[in-house]
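Next comes data_21.txt, with compact mmCIF, C-alpha atoms.
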# COMPACT_ATOMS: atom_id res chain seq x y z
CA MET I 15 282.05 353.91 -74.87
CA MET I 16 283.54 352.38 -71.71
CA SER I 17 284.69 348.73 -72.07
CA THR I 18 282.72 346.07 -70.21
CA TRP I 19 285.67 345.08 -68.07
CA MET I 20 286.26 348.74 -67.12
CA GLN I 21 282.62 349.11 -66.08
CA ASP I 22 282.86 345.93 -63.98
CA ALA I 23 286.08 347.14 -62.35
CA ASP I 24 284.59 350.55 -61.60
CA GLU I 25 281.41 349.08 -60.14
CA ALA I 26 283.35 346.68 -57.93
CA SER I 27 285.49 349.57 -56.69
CA LEU I 28 282.60 351.97 -56.12
CA ASP I 29 280.60 349.34 -54.24
CA SER I 30 283.22 349.36 -51.52
CA GLY I 31 284.34 352.97 -51.79
CA LYS I 32 287.93 351.88 -52.43
CA ARG I 33 290.36 352.87 -55.18
CA ARG I 34 289.56 352.05 -58.76
CA LEU I 35 290.66 348.62 -59.95
CA SER I 36 292.84 348.33 -63.03
CA GLY I 37 290.89 345.26 -64.15
CA ARG I 38 294.06 343.35 -65.03
CA ILE I 39 294.01 339.57 -64.52
CA HIS I 40 297.25 337.62 -64.06
CA ILE I 41 297.41 333.91 -64.86
CA LEU I 42 299.94 331.55 -63.28
CA GLY I 43 300.21 328.11 -64.87
CA LEU I 44 299.67 327.63 -68.60
CA GLY I 45 298.82 323.96 -68.84
CA ASN I 46 295.49 322.87 -70.28
CA VAL I 47 293.34 324.71 -67.75
CA GLY I 48 295.36 327.94 -67.63
CA THR I 49 295.56 328.12 -71.43
CA PHE I 50 291.81 327.51 -71.76
CA VAL I 51 290.92 330.20 -69.21
CA ALA I 52 293.30 332.77 -70.74
CA HIS I 53 291.99 332.00 -74.23
CA SER I 54 288.38 332.26 -73.01
CA LEU I 55 288.98 335.66 -71.40
CA ALA I 56 290.63 336.89 -74.60
CA SER I 57 287.55 335.73 -76.54
CA ARG I 58 285.30 338.29 -74.86
CA PRO I 59 284.10 341.13 -77.12
CA SER I 60 285.94 343.53 -74.80
CA PRO I 61 288.61 341.41 -73.09
CA PRO I 62 290.23 342.58 -69.86
CA PRO I 63 294.00 343.18 -69.80
CA ILE I 64 295.64 339.77 -69.25
CA THR I 65 299.19 339.10 -68.07
CA LEU I 66 300.69 335.61 -68.36
CA LEU I 67 303.32 334.81 -65.72
CA LEU I 68 306.22 332.75 -67.08
CA HIS I 69 308.58 331.29 -64.50
CA ASN I 70 311.67 330.92 -66.66
CA LEU I 71 313.38 332.12 -69.81
CA GLY I 72 312.84 328.79 -71.56
CA LEU I 73 309.10 329.30 -71.43
CA TYR I 74 309.46 332.76 -72.92
CA ARG I 75 311.54 331.38 -75.79
CA THR I 76 308.80 328.83 -76.45
CA TRP I 77 306.24 331.66 -76.31
CA VAL I 78 308.16 333.54 -79.00
CA LYS I 79 308.41 330.41 -81.17
CA ARG I 80 304.65 329.97 -80.81
CA LYS I 81 304.20 333.48 -82.29
CA LYS I 82 303.10 334.92 -78.91
CA CYS I 83 299.66 333.40 -79.12
CA LEU I 84 297.38 330.87 -77.43
CA SER I 85 295.58 328.33 -79.57
CA LEU I 86 292.36 326.43 -78.80
CA ASN I 87 291.38 323.59 -81.13
CA SER I 88 287.69 322.70 -81.27
CA ASN I 89 286.15 320.32 -83.83
CA GLY I 90 289.39 320.33 -85.78
CA LEU I 91 289.58 324.12 -86.07
CA ASP I 92 292.20 326.31 -84.40
CA ASP I 93 291.14 329.55 -82.75
CA VAL I 94 294.20 331.72 -82.12
CA LYS I 95 294.28 334.61 -79.66
CA THR I 96 296.98 337.25 -79.26
CA GLY I 97 297.44 340.48 -77.31
CA PHE I 98 298.57 339.01 -74.01
CA ASP I 99 301.08 340.80 -71.81
CA ILE I 100 303.96 338.77 -70.41
CA ASN I 101 305.97 338.82 -67.20
CA VAL I 102 309.11 336.68 -67.08
CA LEU I 103 310.76 335.85 -63.78
CA GLY I 104 314.31 337.14 -63.69
CA GLU I 105 316.87 336.45 -60.98
CA LYS I 106 315.18 338.65 -58.39
CA SER I 107 312.14 340.25 -59.98
CA TRP I 108 309.48 339.95 -62.66
CA LEU I 109 310.49 341.63 -65.92
CA SER I 110 308.20 342.77 -68.70
CA ILE I 111 308.73 342.18 -72.41
CA PRO I 112 310.89 345.24 -73.22
CA TYR I 113 313.72 343.64 -71.26
CA TRP I 114 313.78 340.61 -73.56
CA LYS I 115 314.69 340.37 -77.24
CA GLU I 116 312.91 338.04 -79.67
CA ASP I 117 315.54 335.31 -79.19
CA GLY I 118 314.95 335.35 -75.43
CA THR I 119 318.20 337.09 -74.51
CA PRO I 120 318.44 340.36 -72.53
CA ASN I 121 318.17 343.52 -74.60
CA GLU I 122 321.68 344.95 -74.63
CA SER I 123 320.37 348.48 -75.18
CA ILE I 124 318.88 348.50 -71.69
CA LYS I 125 321.35 346.18 -70.00
CA GLY I 126 322.13 347.52 -66.56
CA GLU I 127 318.78 349.28 -66.52
CA GLU I 128 316.70 346.29 -65.49
CA LYS I 129 314.73 348.50 -63.11
CA ASP I 130 313.09 350.09 -66.14
CA ALA I 131 311.77 346.68 -67.19
CA GLU I 132 310.64 345.55 -63.75
CA ASP I 133 306.97 344.76 -63.37
CA ASP I 134 306.76 343.91 -59.71
CA GLY I 135 303.67 345.94 -58.87
CA PRO I 136 300.71 344.60 -56.90
CA ILE I 137 298.51 341.95 -58.49
CA GLU I 138 294.77 342.45 -58.03
CA CYS I 139 293.42 339.22 -59.52
CA LEU I 140 295.52 336.07 -59.85
CA ILE I 141 294.29 332.80 -61.38
CA VAL I 142 296.44 329.85 -60.26
CA ALA I 143 296.16 326.88 -62.62
CA VAL I 144 299.30 324.93 -61.71
CA LYS I 145 298.87 321.43 -60.30
CA ALA I 146 298.17 321.19 -56.59
CA GLN I 147 301.60 319.83 -55.69
CA MET I 148 303.31 322.79 -57.38
CA THR I 149 301.22 325.56 -55.82
CA THR I 150 303.48 326.54 -52.93
CA ARG I 151 306.58 326.60 -55.10
CA ALA I 152 304.80 328.56 -57.85
CA LEU I 153 303.39 331.19 -55.47
CA GLU I 154 306.67 331.95 -53.67
CA PRO I 155 308.12 334.21 -56.42
CA VAL I 156 304.87 336.18 -56.69
CA ARG I 157 304.00 336.37 -53.00
CA HIS I 158 305.35 339.91 -52.58
CA ARG I 159 302.98 341.16 -55.28
CA LEU I 160 299.86 339.93 -53.49
CA THR I 161 298.20 342.14 -50.89
CA PRO I 162 295.20 341.89 -48.54
CA GLU I 163 293.19 343.52 -51.36
CA SER I 164 294.20 340.85 -53.90
CA THR I 165 292.11 337.81 -54.86
CA ILE I 166 293.56 334.42 -55.82
CA LEU I 167 291.44 331.89 -57.71
CA PHE I 168 292.65 328.29 -57.44
CA LEU I 169 291.62 326.10 -60.40
CA GLN I 170 293.02 322.69 -59.47
CA ASN I 171 292.22 319.08 -58.70
CA GLY I 172 292.38 317.80 -55.15
CA MET I 173 291.76 319.39 -51.78
CA GLY I 174 293.89 320.76 -48.96
CA VAL I 175 295.89 323.28 -51.00
CA ILE I 176 294.57 326.37 -49.21
CA ASP I 177 295.41 324.93 -45.79
CA GLU I 178 298.96 324.36 -47.00
CA ILE I 179 299.20 327.86 -48.53
CA ASN I 180 298.00 329.46 -45.29
CA GLU I 181 300.63 327.55 -43.38
CA THR I 182 303.60 328.15 -45.67
CA VAL I 183 303.02 331.17 -47.93
CA PHE I 184 300.52 333.42 -46.12
CA PRO I 185 300.73 332.52 -42.42
CA ASP I 186 299.52 335.95 -41.24
CA PRO I 187 295.72 336.23 -41.62
CA HIS I 188 295.95 340.05 -41.61
CA THR I 189 298.13 340.20 -44.74
CA ARG I 190 296.54 337.24 -46.51
CA PRO I 191 294.84 337.71 -49.92
CA HIS I 192 291.23 336.74 -50.54
CA TYR I 193 290.61 333.29 -52.00
CA MET I 194 288.30 331.75 -54.56
CA GLN I 195 288.18 328.16 -55.76
CA GLY I 196 286.84 326.64 -58.94
CA ILE I 197 286.19 323.34 -60.66
CA ILE I 198 286.40 322.96 -64.44
CA SER I 199 284.65 320.01 -66.10
CA HIS I 200 285.42 320.98 -69.71
CA GLY I 201 287.21 318.30 -71.70
CA LEU I 202 290.75 319.57 -72.31
CA ALA I 203 293.78 317.82 -73.80
CA ARG I 204 297.24 318.85 -74.91
CA LEU I 205 297.06 319.12 -78.69
CA THR I 206 300.78 319.00 -79.41
CA PRO I 207 303.90 318.41 -77.34
CA SER I 208 304.47 322.16 -77.31
CA ARG I 209 302.91 324.55 -74.82
CA PHE I 210 300.28 327.23 -75.34
CA SER I 211 298.00 324.98 -77.41
CA VAL I 212 295.07 322.94 -76.12
CA ALA I 213 292.21 320.90 -77.58
CA HIS I 214 288.68 321.47 -76.30
CA THR I 215 287.27 317.94 -76.44
CA GLY I 216 284.00 318.48 -74.60
CA VAL I 217 281.88 321.32 -73.28
CA GLY I 218 281.50 321.36 -69.52
CA THR I 219 281.05 323.96 -66.81
CA THR I 220 283.16 326.05 -64.46
CA VAL I 221 281.84 326.16 -60.90
CA LEU I 222 283.21 329.07 -58.85
CA GLY I 223 282.91 330.01 -55.21
CA VAL I 224 284.37 332.44 -52.70
CA VAL I 225 286.32 330.93 -49.81
CA PRO I 226 285.31 332.75 -46.61
CA PRO I 227 288.09 333.57 -44.13
CA ALA I 228 288.24 331.00 -41.36
CA GLY I 229 285.68 331.65 -38.67
CA THR I 230 284.01 334.62 -40.38
CA MET I 231 280.74 333.14 -41.62
CA PRO I 232 278.96 329.82 -42.09
CA LEU I 233 279.76 327.84 -45.20
CA SER I 234 276.11 327.87 -46.22
CA LYS I 235 276.04 331.63 -46.66
CA ALA I 236 277.77 333.93 -49.12
CA ALA I 237 277.40 337.62 -48.29
CA ASP I 238 278.75 339.27 -51.43
CA ALA I 239 278.46 342.69 -49.76
CA ASP I 240 281.49 341.72 -47.68
CA TRP I 241 283.60 340.60 -50.63
CA ALA I 242 286.67 342.55 -51.71
CA PRO I 243 286.37 344.62 -54.93
CA SER I 244 288.88 342.34 -56.64
CA THR I 245 286.80 339.28 -55.69
CA LYS I 246 283.59 340.82 -57.06
CA TYR I 247 285.33 341.87 -60.25
CA LEU I 248 286.99 338.50 -60.91
CA LEU I 249 283.82 336.53 -60.20
CA ARG I 250 281.73 338.80 -62.40
CA THR I 251 284.26 338.73 -65.23
CA LEU I 252 284.50 334.94 -65.28
CA THR I 253 280.76 334.31 -65.04
CA LEU I 254 280.23 336.68 -67.97
CA THR I 255 282.83 334.91 -70.13
CA PRO I 256 280.73 332.60 -72.37
CA PRO I 257 283.31 329.88 -73.26
CA LEU I 258 283.86 329.09 -69.57
CA VAL I 259 280.15 328.37 -68.93
CA ALA I 260 280.84 329.61 -65.41
CA ILE I 261 278.39 329.72 -62.52
CA ALA I 262 278.83 331.09 -59.00
CA GLU I 263 277.90 328.88 -56.07
CA THR I 264 277.79 329.33 -52.31
CA PRO I 265 280.84 328.08 -50.40
CA SER I 266 278.98 325.01 -49.12
CA ALA I 267 277.69 324.08 -52.59
CA LEU I 268 281.19 324.48 -54.07
CA MET I 269 282.61 322.25 -51.34
CA LEU I 270 280.16 319.47 -52.26
CA TYR I 271 281.19 319.71 -55.92
CA GLN I 272 284.82 319.55 -54.85
CA LEU I 273 284.22 316.45 -52.75
CA GLU I 274 282.47 314.73 -55.66
CA LYS I 275 285.37 315.47 -57.97
CA LEU I 276 287.82 314.41 -55.25
CA ALA I 277 286.07 311.04 -55.01
CA MET I 278 286.15 310.47 -58.78
CA ASN I 279 289.78 311.52 -59.17
CA SER I 280 290.83 309.43 -56.17
CA VAL I 281 289.65 306.33 -58.02
CA ILE I 282 290.37 306.94 -61.70
CA ASN I 283 293.73 308.70 -61.38
CA PRO I 284 295.62 306.25 -59.14
CA LEU I 285 294.21 303.11 -60.77
CA THR I 286 295.14 304.26 -64.27
CA ALA I 287 298.55 305.49 -63.07
CA ILE I 288 299.37 302.14 -61.49
CA MET I 289 297.98 300.02 -64.34
CA GLY I 290 299.35 302.30 -67.05
CA CYS I 291 296.08 302.34 -68.98
CA PRO I 292 293.51 304.81 -70.37
CA ASN I 293 290.58 305.73 -68.13
CA GLY I 294 288.06 303.41 -69.77
CA ASP I 295 290.14 300.27 -69.25
CA ILE I 296 289.44 300.13 -65.51
CA LEU I 297 285.73 299.54 -66.23
CA TYR I 298 286.24 296.19 -67.94
CA ASN I 299 288.37 294.44 -65.37
CA TYR I 300 286.72 292.57 -62.49
CA SER I 301 289.70 293.00 -60.18
CA MET I 302 289.83 296.73 -60.83
CA THR I 303 286.12 297.16 -60.10
CA ARG I 304 286.58 295.34 -56.78
CA ILE I 305 289.37 297.73 -55.79
CA MET I 306 287.19 300.62 -56.97
CA ARG I 307 284.40 299.55 -54.60
CA LEU I 308 286.80 299.25 -51.64
CA LEU I 309 288.21 302.72 -52.34
CA LEU I 310 284.75 304.24 -52.55
CA MET I 311 283.59 302.64 -49.31
CA GLU I 312 286.44 304.36 -47.48
CA ILE I 313 286.00 307.65 -49.37
CA SER I 314 282.27 307.70 -48.70
CA GLY I 315 282.77 307.02 -44.99
CA VAL I 316 285.32 309.81 -44.59
CA ILE I 317 283.32 312.42 -46.55
CA CYS I 318 280.10 311.69 -44.67
CA ALA I 319 281.97 312.05 -41.36
CA LEU I 320 283.50 315.46 -42.18
CA PRO I 321 282.32 318.11 -39.69
CA GLU I 322 281.65 320.59 -42.49
CA VAL I 323 279.27 318.13 -44.18
CA GLN I 324 277.19 317.51 -41.07
CA GLY I 325 273.74 319.02 -41.24
CA ILE I 326 273.71 319.42 -45.03
CA PRO I 327 270.47 317.86 -46.31
CA GLY I 328 270.94 314.83 -48.55
CA ALA I 329 274.70 314.57 -48.00
CA GLU I 330 274.64 310.87 -47.03
CA ASN I 331 272.76 309.93 -50.21
CA ARG I 332 274.88 312.21 -52.36
CA PHE I 333 278.11 310.59 -51.11
CA SER I 334 276.89 307.02 -50.77
CA PRO I 335 279.30 304.41 -52.21
CA GLU I 336 276.77 303.41 -54.86
CA ARG I 337 276.17 306.95 -56.13
CA LEU I 338 279.90 307.68 -56.17
CA ARG I 339 280.44 304.47 -58.11
CA ARG I 340 277.94 305.64 -60.76
CA LEU I 341 279.75 308.98 -61.02
CA VAL I 342 283.14 307.28 -61.41
CA THR I 343 281.80 304.86 -64.02
CA GLN I 344 280.17 307.67 -65.99
CA LEU I 345 283.31 309.83 -65.97
CA ALA I 346 285.62 306.94 -66.89
CA ASP I 347 283.30 306.02 -69.77
CA GLN I 348 283.08 309.62 -71.02
CA THR I 349 286.88 309.94 -70.97
CA ALA I 350 287.58 306.32 -71.91
CA LYS I 351 290.40 307.06 -74.36
CA ASN I 352 292.10 309.71 -72.20
CA ASN I 353 295.22 309.16 -70.14
CA SER I 354 294.75 310.69 -66.69
CA SER I 355 297.03 313.53 -65.63
CA MET I 356 298.41 311.28 -62.90
CA LEU I 357 299.38 308.61 -65.42
CA GLN I 358 301.11 311.27 -67.50
CA ASP I 359 302.98 312.53 -64.43
CA VAL I 360 304.08 309.03 -63.45
CA ARG I 361 305.34 308.35 -66.97
CA GLY I 362 307.11 311.68 -66.94
CA ARG I 363 308.66 310.90 -63.53
CA LYS I 364 306.97 313.99 -62.06
CA THR I 365 305.49 314.46 -58.59
CA THR I 366 301.79 313.65 -58.73
CA GLU I 367 298.68 315.10 -57.05
CA ILE I 368 298.25 311.94 -54.97
CA GLU I 369 298.78 313.77 -51.64
CA TYR I 370 295.81 316.03 -52.47
CA LEU I 371 293.57 313.15 -53.55
CA ASN I 372 293.94 309.83 -51.72
CA GLY I 373 296.41 311.46 -49.32
CA TYR I 374 293.74 313.99 -48.36
CA ILE I 375 291.26 311.17 -47.70
CA VAL I 376 293.81 309.40 -45.50
CA ARG I 377 294.54 312.55 -43.47
CA LYS I 378 290.87 313.41 -42.99
CA GLY I 379 290.17 309.79 -42.05
CA GLU I 380 292.85 309.90 -39.36
CA GLU I 381 291.25 313.07 -37.96
CA GLN I 382 288.01 311.09 -37.61
CA GLY I 383 289.79 308.06 -36.16
CA VAL I 384 289.32 306.03 -39.35
CA LYS I 385 292.22 304.11 -40.93
CA CYS I 386 291.83 304.25 -44.71
CA VAL I 387 294.12 301.36 -45.56
CA VAL I 388 293.08 301.00 -49.22
CA ASN I 389 293.59 304.69 -49.96
CA TYR I 390 296.88 304.58 -48.03
CA MET I 391 298.02 301.67 -50.18
CA MET I 392 297.00 303.43 -53.41
CA LYS I 393 298.88 306.53 -52.36
CA HIS I 394 302.12 304.65 -51.81
CA LEU I 395 301.72 302.50 -54.92
CA VAL I 396 301.54 305.67 -57.03
CA ILE I 397 304.54 307.20 -55.24
CA GLY I 398 306.44 303.93 -55.61
CA LYS I 399 305.59 303.66 -59.31
CA LYS I 400 306.86 307.17 -59.96
CA GLU I 401 310.09 306.52 -58.02
CA LEU I 402 310.64 303.22 -59.82
CA ASN I 403 310.35 304.97 -63.19
CA LYS I 404 312.83 307.56 -61.97
CA LEU I 405 315.31 304.85 -60.94
CA LYS I 406 314.96 303.21 -64.34
CA GLU I 407 315.67 306.53 -66.02
CA GLU I 408 318.79 306.96 -63.91
CA ARG I 409 319.80 303.31 -64.42
CA ASN I 410 320.04 303.04 -60.66
CA ILE I 411 318.10 299.83 -60.05
CA PRO I 412 319.60 297.55 -57.37
CA VAL I 413 321.45 294.66 -59.02
CA ASP I 414 321.30 291.04 -57.88
CA LEU I 415 324.93 290.18 -57.25
CA ILE I 416 324.50 286.41 -56.68
CA ASP I 417 325.65 285.45 -60.18
CA ALA I 418 327.98 288.39 -60.67
CA PRO I 419 331.64 287.54 -61.31
CA ILE I 420 333.94 288.09 -58.34
Please go through the file and, once you have read it, give me the structure as structure tokens.
Amino acid sequence: MMSTWMQDADEASLDSGKRRLSGRIHILGLGNVGTFVAHSLASRPSPPPITLLLHNLGLYRTWVKRKKCLSLNSNGLDDVKTGFDINVLGEKSWLSIPYWKEDGTPNESIKGEEKDAEDDGPIECLIVAVKAQMTTRALEPVRHRLTPESTILFLQNGMGVIDEINETVFPDPHTRPHYMQGIISHGLARLTPSRFSVAHTGVGTTVLGVVPPAGTMPLSKAADADWAPSTKYLLRTLTLTPPLVAIAETPSALMLYQLEKLAMNSVINPLTAIMGCPNGDILYNYSMTRIMRLLLMEISGVICALPEVQGIPGAENRFSPERLRRLVTQLADQTAKNNSSMLQDVRGRKTTEIEYLNGYIVRKGEEQGVKCVVNYMMKHLVIGKKELNKLKEERNIPVDLIDAPI
């Protein structure tokens, strides 16, 4: 009997009269979201072939130590999945497992025959689950494997990534892959300091939508007859993967979900990063709630003024400051004990997503002639906090020389 994923791939191919799809799905970025998605796909009764893209040898060594498996912990129980294929980025190309020994060193028996281990063929379906600020850098090594028939799904916080990718990675519209975007609301947390293991702390949903090429059709419509076979296949596969609880939405509906999440993240993430506190702490501080209201007034004004939002029924009520405040309060309460990803990045002296959250609001506000001074301040406070932590780490803080001996 033909596997489900093979039937889906064949149907997607036949619908367009193009060559048969392999059905393979590549995943780039194995943090909480990437691990959860890969594990969910592997949980299907007839899982599609899955390739995990590892950007360096250190990650592969960790993969070997973790027994080449992904682990999802739910209600205290570990569910372990195996059977994933691996590509590791070498100096110039992606190499498959036969090139590497168990200790992560090159296999001497094929040394000098790296071509036999190369796996640089075209990628049909790519799920990108790296953080927004890392997307361009992460896509560069895999760009040559993506074709106009490929589909990329971006599963990330923030907005503005696709504009940046079109400008830097795929500037030619004729050779550009197809795009999808998604929002995951499942509760996910790193279970241990090591990679490839994640805790599922709360069931949510995965909202998916196809991104139409610029100027090809209105955002309110989604003509699936015009979608690429790889897009149809990836969307069908994900929506039929039970653990993801995935639904497909029109481009305009997906955009509204994205804007809601943008608003919530643009309040909770920077405030917790600056204050160094769990999400719930910002709800019980009068000064924090005042800043929250000021942020939301600016965010609401910018979102309601966006050209793409004009004419959508109910948009002004949906993005009113008061409704956004209720959403922020609800999310912060539900995740009260969690440390936001931005707080973790600041503590780890890593670049944050701030440019794709509050930075996005500031840029869109400037396009509308609106100065978002509170969001601008939050953006630079987060950047400054991260840089200050970096200086402390390097012991490079300016010293007051007034009392220093001459």
**Nearest candidate to I:Ser17 (options I:Leu395, I:Arg339, I:Pro59, I:Ile137; using all atoms listed in the file)** =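 Comparing I:Leu395, I:Arg339, I:Pro59, I:Ile137 against I:Ser17, the winner is I:Pro59.
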**Message:** Please compute the atom CA of I:Gln382-atom CA of I:Gly315 distance, one decimal, in Å.
**Reply:**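 If I compute the distance from atom CA of I:Gln382 to atom CA of I:Gly315, I get 9.9 Å.
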**Asked** Mind pulling up the distance from atom CA of I:Leu55 to atom CA of I:Leu160?
**Response**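 Between atom CA of I:Leu160 and atom CA of I:Leu55 the gap works out to 21.4 Å.
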**Request:** Could you check how far atom CA of I:Leu103 sits from atom CA of I:Trp77, in Å to one decimal?
**Result:** 14.0 Å
What are the closest atom pairs, with distances in Å to one decimal, for all residues of stretch 225-329 of chain I lying within 9 Å of stretch 185-208 of chain I? Consider all atoms listed in the file, order rows by chain and residue number, and present the result as a Markdown table.
| residue | atom | partner | partner_atom | distance |
| --- | --- | --- | --- | --- |
| I:Val225 | CA | I:Met194 | CA | 5.2 |
| I:Pro226 | CA | I:Tyr193 | CA | 7.6 |
| I:Pro227 | CA | I:His192 | CA | 7.8 |
| I:Trp241 | CA | I:His192 | CA | 8.6 |
| I:Ala242 | CA | I:His192 | CA | 7.5 |
| I:Ser244 | CA | I:His192 | CA | 8.6 |
| I:Thr245 | CA | I:His192 | CA | 7.3 |
| I:Leu249 | CA | I:Met194 | CA | 8.6 |
| I:Leu258 | CA | I:His200 | CA | 8.3 |
| I:Ala260 | CA | I:Ile198 | CA | 8.7 |
| I:Leu268 | CA | I:Gly196 | CA | 7.8 |
| I:Tyr271 | CA | I:Ile197 | CA | 7.8 |
| I:Gln272 | CA | I:Ile197 | CA | 7.1 |
| I:Lys275 | CA | I:Ile197 | CA | 8.4 |
**Request:** Taking the point (295.5, 342.1, -60.7) as given in the file, collect each protein or nucleic acid residue that comes within 10 Å of it, counting all atoms listed in the file, and present the set as a list in words.
**Result:**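 Residues close enough to count: Leu35, Ser36, Gly37, Arg38, Ile39, His40, Ile41, Pro63, Ile64, Thr65, Gly135, Pro136, Ile137, Glu138, Cys139, Leu140, Ile141, Arg159, Leu160, Glu163, Ser164, Thr165, Ile166, Ser244 and Leu248 of chain I.
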**Item:** Nearest candidate to I:Gly174 (options I:Ile397, I:Ile100, I:Leu371, I:Leu270; using all atoms listed in the file)
**Value:**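 Result for the nearest residue to I:Gly174: I:Leu371.
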**Message:** Show me the residues close to (288.4, 319.3, -85.4) - anything with an atom within 10 Å, counting all atoms listed in the file - and format the list as a ChimeraX atom specification.
**Reply:** /I:87-92,213-215
**Prompt:** From the list I:Gly379, I:Gly373, I:Gly362, I:Pro257, which residue is nearest I:Lys404 when using all atoms listed in the file?
**Reply:**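 Closest to I:Lys404, using all atoms listed in the file: I:Gly362.
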**Message:** My list of candidates is I:Ser85, I:Asn403, I:Ser60, I:Ser54. Which is closest to I:Thr220 when distances are computed with all atoms listed in the file?
**Reply:** I:Ser54
**Pick from I:Glu380, I:Thr251, I:Met391, I:Ile261, whichever lies nearest to I:Ile305 using only C-alpha atoms** =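 Counting only C-alpha atoms, the residue closest to I:Ile305 is I:Met391.
With distances restricted to all atoms listed in the file, I:Ala23 is the closest residue to I:Lys246 from I:Ala23, I:Leu309, I:Val323, I:Met269.
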**Request:** Name the residues in contact with stretch 285-288 of chain I at a cut-off of 6 Å, using only C-alpha atoms, excluding same-chain residues fewer than 3 positions from it; report them as an NGL selection string.
**Result:** :I and (282 or 291 or 356-357)
**Message:** Which residues are close to I:Leu84, i.e. within 10 Å by only C-alpha atoms, leaving aside same-chain residues fewer than 5 positions away? Reply as a ChimeraX atom specification.
**Reply:** /I:44,49-50,52-53,56,77,92-98,209-212
Write to file, as a CSV table (one decimal), in the frame of the given file, the residues of the selection just made, with C-alpha atoms.
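Below is the file that was written, out_3.csv:
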chain,number,residue,atom,x,y,z
I,44,LEU,CA,299.7,327.6,-68.6
I,49,THR,CA,295.6,328.1,-71.4
I,50,PHE,CA,291.8,327.5,-71.8
I,52,ALA,CA,293.3,332.8,-70.7
I,53,HIS,CA,292.0,332.0,-74.2
I,56,ALA,CA,290.6,336.9,-74.6
I,77,TRP,CA,306.2,331.7,-76.3
I,92,ASP,CA,292.2,326.3,-84.4
I,93,ASP,CA,291.1,329.6,-82.8
I,94,VAL,CA,294.2,331.7,-82.1
I,95,LYS,CA,294.3,334.6,-79.7
I,96,THR,CA,297.0,337.2,-79.3
I,97,GLY,CA,297.4,340.5,-77.3
I,98,PHE,CA,298.6,339.0,-74.0
I,209,ARG,CA,302.9,324.6,-74.8
I,210,PHE,CA,300.3,327.2,-75.3
I,211,SER,CA,298.0,325.0,-77.4
I,212,VAL,CA,295.1,322.9,-76.1
